[in-house]
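Text of the file start13.txt, holding compact mmCIF, C-alpha atoms:
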# COMPACT_ATOMS: atom_id res chain seq x y z
CA MET A 34 0.00 0.00 0.00
CA ARG A 35 2.84 2.39 0.87
CA LEU A 36 4.49 1.61 -2.45
CA PHE A 37 1.26 2.34 -4.25
CA ARG A 38 0.88 5.69 -2.46
CA PHE A 39 4.47 6.56 -3.26
CA LEU A 40 4.02 5.77 -6.95
CA LEU A 41 0.75 7.73 -7.06
CA LEU A 42 2.39 10.75 -5.41
CA ALA A 43 5.33 10.56 -7.81
CA ALA A 44 2.98 10.40 -10.79
CA LEU A 45 1.08 13.43 -9.54
CA CYS A 46 4.31 15.38 -9.13
CA VAL A 47 5.45 14.48 -12.65
CA TRP A 48 2.11 15.67 -14.01
CA ALA A 49 1.92 18.81 -11.87
CA VAL A 50 5.34 20.26 -12.73
CA PRO A 51 4.74 20.54 -16.49
CA ALA A 52 1.22 21.80 -15.89
CA THR A 53 2.54 24.52 -13.56
CA ALA A 54 5.22 25.47 -16.08
CA GLN A 55 2.65 25.71 -18.87
CA ASP A 56 0.44 27.88 -16.67
CA GLN A 57 3.38 30.20 -16.01
CA LEU A 58 4.18 30.48 -19.72
CA ALA A 59 0.57 31.22 -20.61
CA ARG A 60 0.49 33.84 -17.88
CA GLY A 61 3.76 35.33 -19.11
CA ARG A 62 2.46 35.49 -22.68
CA TYR A 63 -0.59 37.44 -21.47
CA LEU A 64 1.56 39.71 -19.30
CA ALA A 65 3.60 40.60 -22.40
CA ILE A 66 0.32 41.73 -24.00
CA LEU A 67 -0.61 43.78 -20.93
CA GLY A 68 2.79 45.48 -21.01
CA ASP A 69 2.76 45.86 -24.81
CA CYS A 70 6.28 44.44 -24.95
CA SER A 71 5.95 43.70 -28.66
CA GLY A 72 4.77 47.23 -29.43
CA CYS A 73 7.94 48.76 -27.99
CA HIS A 74 10.45 46.07 -28.97
CA THR A 75 9.32 45.21 -32.51
CA PRO A 76 10.11 47.72 -35.27
CA ALA A 77 8.36 47.46 -38.62
CA HIS A 78 9.72 44.70 -40.85
CA LYS A 79 11.89 43.27 -38.06
CA PRO A 80 11.55 40.00 -36.10
CA PRO A 81 9.29 40.21 -33.03
CA PHE A 82 10.93 41.47 -29.82
CA SER A 83 14.29 42.03 -31.55
CA GLY A 84 14.51 45.73 -30.60
CA GLY A 85 15.56 48.83 -32.49
CA LEU A 86 12.37 50.90 -32.26
CA PRO A 87 13.25 54.60 -31.83
CA PHE A 88 11.94 56.76 -28.99
CA ASN A 89 12.47 60.45 -29.66
CA ALA A 90 12.76 63.19 -27.07
CA GLU A 91 14.27 66.66 -26.70
CA PHE A 92 17.64 65.17 -25.78
CA GLY A 93 17.87 62.72 -28.69
CA THR A 94 16.77 59.23 -29.64
CA VAL A 95 16.85 56.03 -27.59
CA TYR A 96 16.35 52.65 -29.28
CA SER A 97 14.61 49.69 -27.68
CA THR A 98 16.68 46.58 -27.02
CA ASN A 99 16.55 42.98 -28.15
CA ILE A 100 14.62 40.95 -25.56
CA THR A 101 14.74 37.59 -27.34
CA PRO A 102 16.85 34.86 -25.67
CA ASP A 103 19.87 35.37 -27.92
CA ARG A 104 22.88 35.05 -25.60
CA GLU A 105 25.03 37.68 -27.29
CA THR A 106 22.61 40.42 -28.31
CA GLY A 107 19.49 39.66 -26.29
CA ILE A 108 18.66 38.46 -22.78
CA GLY A 109 19.64 34.82 -23.26
CA ALA A 110 22.45 35.07 -20.70
CA TRP A 111 20.27 36.85 -18.12
CA THR A 112 18.93 35.21 -14.98
CA ALA A 113 15.50 35.76 -13.49
CA ASN A 114 17.17 37.99 -10.90
CA ASP A 115 18.82 40.04 -13.66
CA PHE A 116 15.45 40.54 -15.31
CA TYR A 117 13.81 41.49 -12.03
CA ARG A 118 16.52 44.08 -11.32
CA ALA A 119 16.17 45.59 -14.80
CA LEU A 120 12.40 46.00 -14.39
CA HIS A 121 12.51 47.19 -10.79
CA GLU A 122 15.73 49.21 -10.62
CA GLY A 123 16.52 50.10 -14.22
CA VAL A 124 19.88 48.34 -14.08
CA ALA A 125 21.01 45.67 -16.56
CA PRO A 126 23.62 42.97 -15.86
CA GLY A 127 27.05 44.46 -15.30
CA GLY A 128 25.59 47.51 -13.53
CA LYS A 129 24.57 49.27 -16.76
CA HIS A 130 21.89 51.87 -16.06
CA LEU A 131 18.95 51.84 -18.47
CA TYR A 132 17.48 55.02 -19.87
CA PRO A 133 13.96 55.75 -18.58
CA ALA A 134 12.55 55.32 -22.08
CA PHE A 135 12.46 51.78 -20.69
CA PRO A 136 9.69 52.39 -18.15
CA TYR A 137 11.24 50.85 -15.04
CA VAL A 138 9.80 53.75 -13.04
CA TYR A 139 6.42 52.02 -13.52
CA PHE A 140 7.55 48.41 -13.92
CA GLN A 141 8.92 48.51 -10.36
CA HIS A 142 5.32 47.91 -9.24
CA ILE A 143 5.09 44.53 -11.02
CA SER A 144 5.02 41.61 -8.58
CA ARG A 145 7.86 39.09 -8.42
CA ASP A 146 5.57 36.30 -9.62
CA ASP A 147 4.50 38.30 -12.66
CA THR A 148 8.09 39.32 -13.39
CA ASP A 149 9.21 35.69 -13.32
CA ALA A 150 6.32 34.59 -15.52
CA LEU A 151 7.10 37.30 -18.09
CA PHE A 152 10.76 36.29 -18.10
CA ALA A 153 9.84 32.63 -18.54
CA PHE A 154 7.75 33.52 -21.59
CA LEU A 155 10.46 35.66 -23.15
CA ARG A 156 12.85 32.72 -22.76
CA THR A 157 10.62 30.67 -25.08
CA LEU A 158 10.93 33.12 -27.98
CA LYS A 159 13.06 32.36 -31.00
CA PRO A 160 16.54 33.80 -30.36
CA ILE A 161 17.29 36.63 -32.80
CA HIS A 162 20.86 37.81 -33.26
CA GLN A 163 20.25 41.54 -33.55
CA PRO A 164 22.96 43.87 -32.20
CA PRO A 165 21.58 46.99 -30.51
CA THR A 166 21.12 50.22 -32.43
CA SER A 167 23.32 52.94 -30.93
CA ASN A 168 21.43 55.70 -29.14
CA LYS A 169 21.76 59.23 -30.53
CA LEU A 170 21.87 61.51 -27.52
CA ILE A 171 23.22 64.98 -26.90
CA PHE A 172 25.81 65.85 -24.26
CA PRO A 173 25.68 65.24 -21.31
CA VAL A 174 22.75 62.82 -21.58
CA ASN A 175 24.94 60.42 -23.59
CA PHE A 176 26.85 59.62 -20.39
CA ARG A 177 24.92 57.06 -18.38
CA PHE A 178 26.36 58.07 -15.01
CA GLY A 179 23.97 61.03 -15.15
CA LEU A 180 21.12 58.57 -14.66
CA ASN A 181 22.05 58.34 -10.98
CA PHE A 182 21.06 62.00 -10.69
CA TRP A 183 17.91 61.44 -12.76
CA ASN A 184 16.88 58.52 -10.55
CA TRP A 185 17.46 60.64 -7.46
CA LEU A 186 15.08 63.26 -8.87
CA TYR A 187 12.34 61.11 -10.38
CA PHE A 188 12.59 57.46 -9.37
CA ASP A 189 10.36 57.18 -6.31
CA LYS A 190 10.74 53.66 -4.94
CA LYS A 191 8.00 53.95 -2.34
CA SER A 192 5.04 51.62 -2.75
CA LEU A 193 1.94 53.24 -4.17
CA ALA A 194 -0.65 54.11 -1.54
CA ILE A 195 -3.87 52.11 -1.89
CA PRO A 196 -6.94 53.78 -0.34
CA ALA A 197 -8.86 51.81 2.24
CA GLN A 198 -12.03 49.99 1.26
CA VAL A 199 -11.47 49.99 -2.49
CA SER A 200 -12.70 47.02 -4.51
CA THR A 201 -10.58 44.16 -5.81
CA GLU A 202 -11.44 45.35 -9.32
CA TRP A 203 -10.11 48.85 -8.52
CA LYS A 204 -6.87 47.37 -7.15
CA ARG A 205 -6.40 45.30 -10.30
CA GLY A 206 -7.02 48.35 -12.47
CA GLU A 207 -4.54 50.44 -10.48
CA TYR A 208 -1.94 47.66 -10.78
CA LEU A 209 -2.36 47.49 -14.54
CA VAL A 210 -2.49 51.24 -15.22
CA ASN A 211 0.42 52.20 -12.97
CA GLY A 212 2.48 49.03 -13.42
CA LEU A 213 2.61 46.86 -16.52
CA GLY A 214 0.44 49.20 -18.56
CA HIS A 215 2.80 52.13 -17.76
CA CYS A 216 0.09 54.54 -18.94
CA ALA A 217 1.81 57.50 -17.26
CA ALA A 218 4.78 57.09 -19.60
CA CYS A 219 2.69 58.81 -22.28
CA HIS A 220 -0.29 60.30 -20.46
CA THR A 221 1.47 62.21 -17.67
CA PRO A 222 3.15 65.51 -18.64
CA LYS A 223 6.94 65.56 -18.41
CA THR A 224 9.54 68.01 -17.14
CA ILE A 225 12.41 69.22 -19.30
CA LEU A 226 14.40 66.21 -18.01
CA PHE A 227 11.62 63.79 -19.04
CA GLY A 228 10.51 63.09 -15.50
CA ASP A 229 6.84 62.92 -14.54
CA GLU A 230 5.09 66.06 -13.33
CA THR A 231 3.71 64.16 -10.37
CA ASP A 232 1.17 66.84 -9.48
CA LYS A 233 -0.60 66.24 -12.81
CA PRO A 234 -0.88 62.44 -13.08
CA LEU A 235 -2.45 61.07 -16.27
CA SER A 236 -3.64 64.53 -17.34
CA GLY A 237 -2.16 64.25 -20.84
CA GLY A 238 1.38 64.26 -22.17
CA PHE A 239 3.45 65.12 -25.23
CA VAL A 240 5.47 62.18 -26.60
CA ASP A 241 7.33 61.89 -29.91
CA ASN A 242 5.22 64.57 -31.62
CA TRP A 243 1.93 63.10 -30.44
CA PHE A 244 -0.31 64.28 -27.62
CA ALA A 245 -1.54 61.49 -25.35
CA SER A 246 -4.95 62.48 -24.02
CA ASN A 247 -6.13 63.41 -20.54
CA LEU A 248 -7.31 60.32 -18.62
CA THR A 249 -8.65 62.13 -15.56
CA GLY A 250 -12.27 63.02 -14.90
CA SER A 251 -12.13 66.37 -16.73
CA MET A 252 -15.42 67.00 -18.52
CA ILE A 253 -14.11 68.58 -21.73
CA ASP A 254 -10.88 66.80 -22.70
CA GLY A 255 -10.87 63.96 -20.16
CA LEU A 256 -13.06 61.00 -19.24
CA GLY A 257 -15.67 62.94 -17.29
CA ARG A 258 -18.47 62.23 -19.79
CA TRP A 259 -17.34 58.66 -20.44
CA ASP A 260 -18.89 55.76 -18.55
CA GLN A 261 -17.11 52.46 -17.94
CA ASP A 262 -18.59 50.87 -21.06
CA ASP A 263 -17.24 53.76 -23.15
CA ILE A 264 -13.73 53.10 -21.84
CA ILE A 265 -14.03 49.36 -22.43
CA GLN A 266 -15.32 49.92 -25.97
CA PHE A 267 -12.45 52.28 -26.75
CA LEU A 268 -9.76 49.98 -25.37
CA ALA A 269 -11.21 46.93 -27.12
CA HIS A 270 -11.88 48.51 -30.52
CA GLY A 271 -10.09 51.86 -30.67
CA ARG A 272 -13.23 53.91 -31.09
CA GLY A 273 -16.31 54.92 -29.14
CA ARG A 274 -18.76 57.72 -28.49
CA TYR A 275 -16.13 60.24 -27.44
CA ALA A 276 -12.88 59.38 -29.19
CA THR A 277 -11.14 57.53 -32.00
CA ALA A 278 -7.66 56.13 -31.39
CA ALA A 279 -4.85 57.74 -33.34
CA GLY A 280 -1.08 57.65 -33.51
CA SER A 281 0.72 55.74 -30.78
CA MET A 282 -2.58 54.97 -29.02
CA LEU A 283 -3.85 53.21 -32.12
CA GLU A 284 -0.74 51.01 -31.97
CA LYS A 285 -1.44 50.25 -28.29
CA VAL A 286 -5.00 49.24 -29.09
CA THR A 287 -3.83 47.03 -31.95
CA THR A 288 -1.06 45.19 -30.08
CA SER A 289 -2.22 45.37 -26.47
CA THR A 290 -5.59 46.55 -25.18
CA SER A 291 -7.71 44.83 -27.84
CA HIS A 292 -6.24 41.51 -26.67
CA MET A 293 -6.94 42.01 -22.95
CA ASN A 294 -9.61 39.93 -21.28
CA MET A 295 -12.87 41.55 -20.25
CA ASN A 296 -12.12 41.41 -16.52
CA ASP A 297 -8.96 43.45 -17.00
CA LEU A 298 -10.70 45.96 -19.27
CA LYS A 299 -13.37 46.44 -16.61
CA ALA A 300 -10.72 46.83 -13.93
CA ILE A 301 -8.89 49.52 -15.94
CA ALA A 302 -12.17 51.35 -16.57
CA THR A 303 -13.04 51.19 -12.86
CA TYR A 304 -9.71 52.69 -11.88
CA LEU A 305 -9.69 55.42 -14.54
CA LYS A 306 -13.21 56.53 -13.63
CA SER A 307 -12.03 57.08 -10.05
CA LEU A 308 -9.43 59.70 -11.05
CA PRO A 309 -10.40 63.25 -10.09
CA ALA A 310 -10.57 65.93 -12.76
CA GLN A 311 -7.56 68.12 -13.31
CA LYS A 312 -8.22 71.82 -12.82
CA GLN A 313 -8.94 73.48 -16.16
CA THR A 314 -6.90 76.55 -17.00
CA ALA A 315 -8.29 79.53 -18.87
CA PHE A 316 -7.51 79.62 -22.59
CA GLU A 317 -7.93 81.88 -25.59
CA ALA A 318 -10.80 80.88 -27.87
CA PRO A 319 -10.47 81.51 -31.62
CA ARG A 320 -11.68 84.82 -32.98
CA ARG A 321 -14.83 84.98 -35.08
CA GLU A 322 -12.93 85.63 -38.32
CA GLN A 323 -10.71 82.58 -37.73
CA MET A 324 -13.77 80.41 -37.15
CA GLU A 325 -15.28 81.70 -40.40
CA ARG A 326 -12.13 80.91 -42.35
CA GLY A 327 -11.93 77.50 -40.71
CA ARG A 328 -15.56 76.71 -41.49
CA GLY A 329 -15.03 77.46 -45.19
CA LEU A 330 -11.93 75.27 -45.33
CA TYR A 331 -13.72 72.50 -43.42
CA GLN A 332 -16.63 72.51 -45.86
CA ALA A 333 -14.21 72.30 -48.80
CA GLN A 334 -11.76 69.75 -47.41
CA CYS A 335 -13.36 67.72 -44.60
CA GLN A 336 -17.16 67.79 -44.72
CA ARG A 337 -17.50 65.04 -47.31
CA CYS A 338 -16.29 62.40 -44.84
CA HIS A 339 -16.86 63.98 -41.42
CA ALA A 340 -20.29 65.57 -42.12
CA SER A 341 -21.33 69.19 -41.75
CA ASP A 342 -21.99 68.73 -38.02
CA GLY A 343 -18.96 66.54 -37.24
CA ARG A 344 -21.21 63.49 -36.74
CA PRO A 345 -20.88 61.24 -39.81
CA THR A 346 -23.76 58.82 -40.42
CA GLY A 347 -24.91 56.32 -43.02
CA ASP A 348 -22.16 55.16 -45.39
CA ASN A 349 -19.72 57.48 -43.61
CA ALA A 350 -20.53 56.26 -40.10
CA ASN A 351 -17.11 54.64 -39.69
CA TYR A 352 -15.25 57.91 -40.24
CA PRO A 353 -14.13 59.52 -36.97
CA ARG A 354 -16.69 61.65 -35.20
CA LEU A 355 -15.25 65.10 -34.47
CA ALA A 356 -18.09 66.57 -32.43
CA GLY A 357 -17.52 65.82 -28.75
CA ASP A 358 -14.22 64.01 -29.34
CA THR A 359 -12.08 64.50 -26.22
CA LEU A 360 -8.82 64.18 -28.17
CA VAL A 361 -9.94 66.80 -30.68
CA MET A 362 -10.56 69.11 -27.70
CA GLY A 363 -7.28 68.30 -25.97
CA ARG A 364 -5.46 71.25 -24.43
CA ASP A 365 -2.58 70.41 -26.77
CA PRO A 366 -3.56 70.27 -30.49
CA THR A 367 -0.49 68.32 -31.64
CA THR A 368 -2.25 65.06 -32.50
CA VAL A 369 -4.99 66.87 -34.44
CA LEU A 370 -2.42 68.87 -36.38
CA ARG A 371 -0.27 65.83 -37.07
CA ILE A 372 -3.19 63.88 -38.51
CA VAL A 373 -4.09 66.83 -40.77
CA LEU A 374 -0.47 67.15 -41.91
CA THR A 375 0.32 63.46 -42.44
CA GLY A 376 -3.04 61.72 -42.76
CA GLY A 377 -3.86 58.46 -41.05
CA ALA A 378 -6.11 55.44 -40.79
CA ALA A 379 -8.82 55.00 -38.17
CA PRO A 380 -9.87 51.66 -36.67
CA VAL A 381 -13.07 50.36 -38.25
CA SER A 382 -15.79 47.95 -37.26
CA PRO A 383 -15.38 44.31 -38.38
CA GLY A 384 -16.46 43.84 -41.99
CA LYS A 385 -16.32 47.57 -42.69
CA SER A 386 -13.77 49.61 -44.60
CA ILE A 387 -13.10 53.30 -45.12
CA ARG A 388 -10.56 55.23 -47.11
CA PRO A 389 -7.53 56.35 -45.06
CA MET A 390 -7.43 60.06 -44.44
CA PRO A 391 -5.03 61.70 -46.91
CA ALA A 392 -2.37 64.19 -45.87
CA PHE A 393 -3.35 67.84 -46.21
CA ASP A 394 0.22 69.10 -46.01
CA LYS A 395 -0.30 71.19 -49.16
CA LEU A 396 -2.39 73.59 -47.11
CA ASP A 397 -0.33 76.39 -45.60
CA ASP A 398 0.28 76.79 -41.89
CA GLY A 399 -2.44 79.39 -41.45
CA GLU A 400 -5.06 77.29 -43.23
CA ILE A 401 -4.32 74.23 -41.10
CA ALA A 402 -4.43 76.37 -37.97
CA ASP A 403 -7.85 77.70 -39.03
CA ILE A 404 -9.27 74.23 -39.75
CA ALA A 405 -7.97 72.87 -36.45
CA SER A 406 -9.31 75.84 -34.48
CA TYR A 407 -12.69 75.42 -36.16
CA ILE A 408 -13.16 71.70 -35.46
CA ARG A 409 -11.92 72.19 -31.89
CA ASN A 410 -14.61 74.84 -31.27
CA ALA A 411 -17.55 73.99 -33.56
CA TRP A 412 -20.60 71.88 -32.60
CA SER A 413 -20.25 72.73 -28.88
CA ASN A 414 -16.58 71.69 -28.85
CA SER A 415 -14.33 73.93 -26.77
CA ALA A 416 -10.52 74.16 -26.91
CA PRO A 417 -7.68 76.67 -27.18
CA THR A 418 -7.10 78.34 -30.53
CA VAL A 419 -4.30 77.09 -32.78
CA SER A 420 -1.70 79.43 -34.25
CA ALA A 421 0.09 79.18 -37.59
CA THR A 422 3.37 79.18 -35.65
CA ARG A 423 2.31 76.01 -33.84
CA VAL A 424 1.61 74.31 -37.19
CA HIS A 425 4.91 75.51 -38.64
CA ASN A 426 6.91 74.17 -35.69
CA LEU A 427 5.28 70.75 -35.92
CA ARG A 428 5.75 70.63 -39.69
CA GLN A 429 9.45 71.30 -39.18
CA ALA A 430 9.74 68.69 -36.43
CA LEU A 431 8.14 66.02 -38.61
CA THR A 432 10.50 66.70 -41.52
CA ASN A 433 13.71 66.64 -39.47

So that I can check it, write out the structure of this file as structure tokens.
Amino acid sequence: MRLFRFLLLAALCVWAVPATAQDQLARGRYLAILGDCSGCHTPAHKPPFSGGLPFNAEFGTVYSTNITPDRETGIGAWTANDFYRALHEGVAPGGKHLYPAFPYVYFQHISRDDTDALFAFLRTLKPIHQPPTSNKLIFPVNFRFGLNFWNWLYFDKKSLAIPAQVSTEWKRGEYLVNGLGHCAACHTPKTILFGDETDKPLSGGFVDNWFASNLTGSMIDGLGRWDQDDIIQFLAHGRGRYATAAGSMLEKVTTSTSHMNMNDLKAIATYLKSLPAQKQTAFEAPRREQMERGRGLYQAQCQRCHASDGRPTGDNANYPRLAGDTLVMGRDPTTVLRIVLTGGAAPVSPGKSIRPMPAFDKLDDGEIADIASYIRNAWSNSAPTVSATRVHNLRQALTN
């Protein structure tokens, strides 16, 4: 009988170990989706996770690294402890400090179990021999020892305070938004040294010539009018009643949020809806003559797809709605201007198709400023006016 029990126990152990390992890998694969690891570490026309995607800032360009298990150019020689230290301290093996374009400031909140599961998944990827692309940084940022000073200023290692009596769903949403999701990396405004303005969390940020929208409860350009279902719809499909995903957010929807399970989408929505509104600052509205010029240009260039009232219907229903769009009304018009200058494609409903928006870069700076000011203030929209200088500066930035 004892022999039988021993053999049964041994068989159970042999079965349980692979099952546990498979569970960890499946969990790690999903964690990579939550963190959008592919979106940051996979450039166009390159192998997945092989690195080399550029991140541009005032001080230069940082390129993402190879996180496949190649031993020479990736993380194949790393241990689980090495990986944990990189995510939680921003330090790679050998004591090499990582630039905060790698969001260790937020990844420090990832649990050890989740860190190990993510590492286990990355170890299963096909090794890709892809040497790193050299960063292009100005002096003195090109010297990594300066990161000790940056960390002293901006890397707060204290645990995030969790209010008493919040729900399990709220806690999960907070963990995803402020940890793996690293939403603040784009949606929190930055200082001149690229550190978070911690007094304005998730109130909208400028990244790589895009404006990431306000996620607080602000009624005009934030999520104040959105309900939880609106947030879930937007994260799952990239469009909803109050916004259409564009630019880097469209990439996040495509590679990350649209693949999240419903429980996590609900948790994120629960957390975001709990954020208080940021105080609105006074702004200059466009003059009547600018609105008149903008209306004429809109009717000639935009009305065919976006409708006279900014609410396309019928065959045009899949074109972005401009009336009431919180991104259109953002305090920073960069994303609106960039789409006008370069064009773009909006996410569409399954089985539907629409023509991509063409670039309107042939219009001069003043004309684009007038169109943008008009759509940001027509149909009960309300936002700061746009100047021709603002358009000119962005045009120059996009051509450099």

Counting all atoms listed in the file, what is within 12 Å of range 127-136 of chain A, bar same-chain residues fewer than 6 positions away, as a count of residues only?
57

Near range 348-369 of chain A, 9 Å: range 269-332 of chain A residue rows, closest pairs, all atoms listed in the file, as CSV:
residue,atom,partner,partner_atom,distance
A:Arg272,CA,A:Pro353,CA,8.2
A:Arg274,CA,A:Asp358,CA,7.8
A:Tyr275,CA,A:Asp358,CA,4.6
A:Ala276,CA,A:Asp358,CA,4.8
A:Thr277,CA,A:Pro353,CA,6.1
A:Ala278,CA,A:Leu360,CA,8.7
A:Ala279,CA,A:Thr368,CA,7.8
A:Gly280,CA,A:Thr368,CA,7.6
A:Phe316,CA,A:Arg364,CA,8.8

Work out how far apart CA of Pro234 in chain A and CA of Trp412 in chain A are and give it in Å to one decimal.
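Between CA of Pro234 in chain A and CA of Trp412 in chain A the gap works out to 29.3 Å.
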
My list of candidates is A:Thr148, A:Asn114, A:Thr224, A:Thr101. Which is closest to Pro164 in chain A when distances are computed with all atoms listed in the file?
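Between A:Thr148, A:Asn114, A:Thr224, A:Thr101, the residue approaching Pro164 in chain A most closely is A:Thr101.
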
Mind giving me the straight-line distance from CA of Gly206 in chain A to CA of Gln266 in chain A in Å, one decimal?
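Calculated distance between CA of Gly206 in chain A and CA of Gln266 in chain A is 15.9 Å.
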
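Shortest separation to Phe140 in chain A among A:Lys190, A:His162, A:Arg423, A:Lys223 occurs at residue A:Lys190, atoms counted being all atoms listed in the file.
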
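If you look at CA of Gln163 in chain A and CA of Gln141 in chain A, they are 26.7 Å away from each other.
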
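Among the candidates A:Thr303, A:Gln323, A:Ser246, A:Thr166, the one nearest to Asp263 in chain A when counting all atoms listed in the file is A:Thr303.
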
Leu151 in chain A surroundings by all atoms listed in the file, 7 Å radius, close-in-sequence under 2 positions cut, as a list in words:
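My list of contacting residues is Gly61, Arg62, Leu64, Ala65, Asp147, Thr148, Asp149, Ala153, Phe154 and Leu155 of chain A.
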
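Counting all atoms listed in the file and comparing A:Ile66, A:Met324, A:Ile161, A:Leu58, the residue that lies closest to Gly107 in chain A is A:Ile161.
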
Scan for residues within 9 Å of the point (-10.4, 50.7, -24.4) in the coordinates of the file, using only C-alpha atoms, and reply as a PyMOL selection string.
chain A and resi 262-273+286+290-291+298+301-302
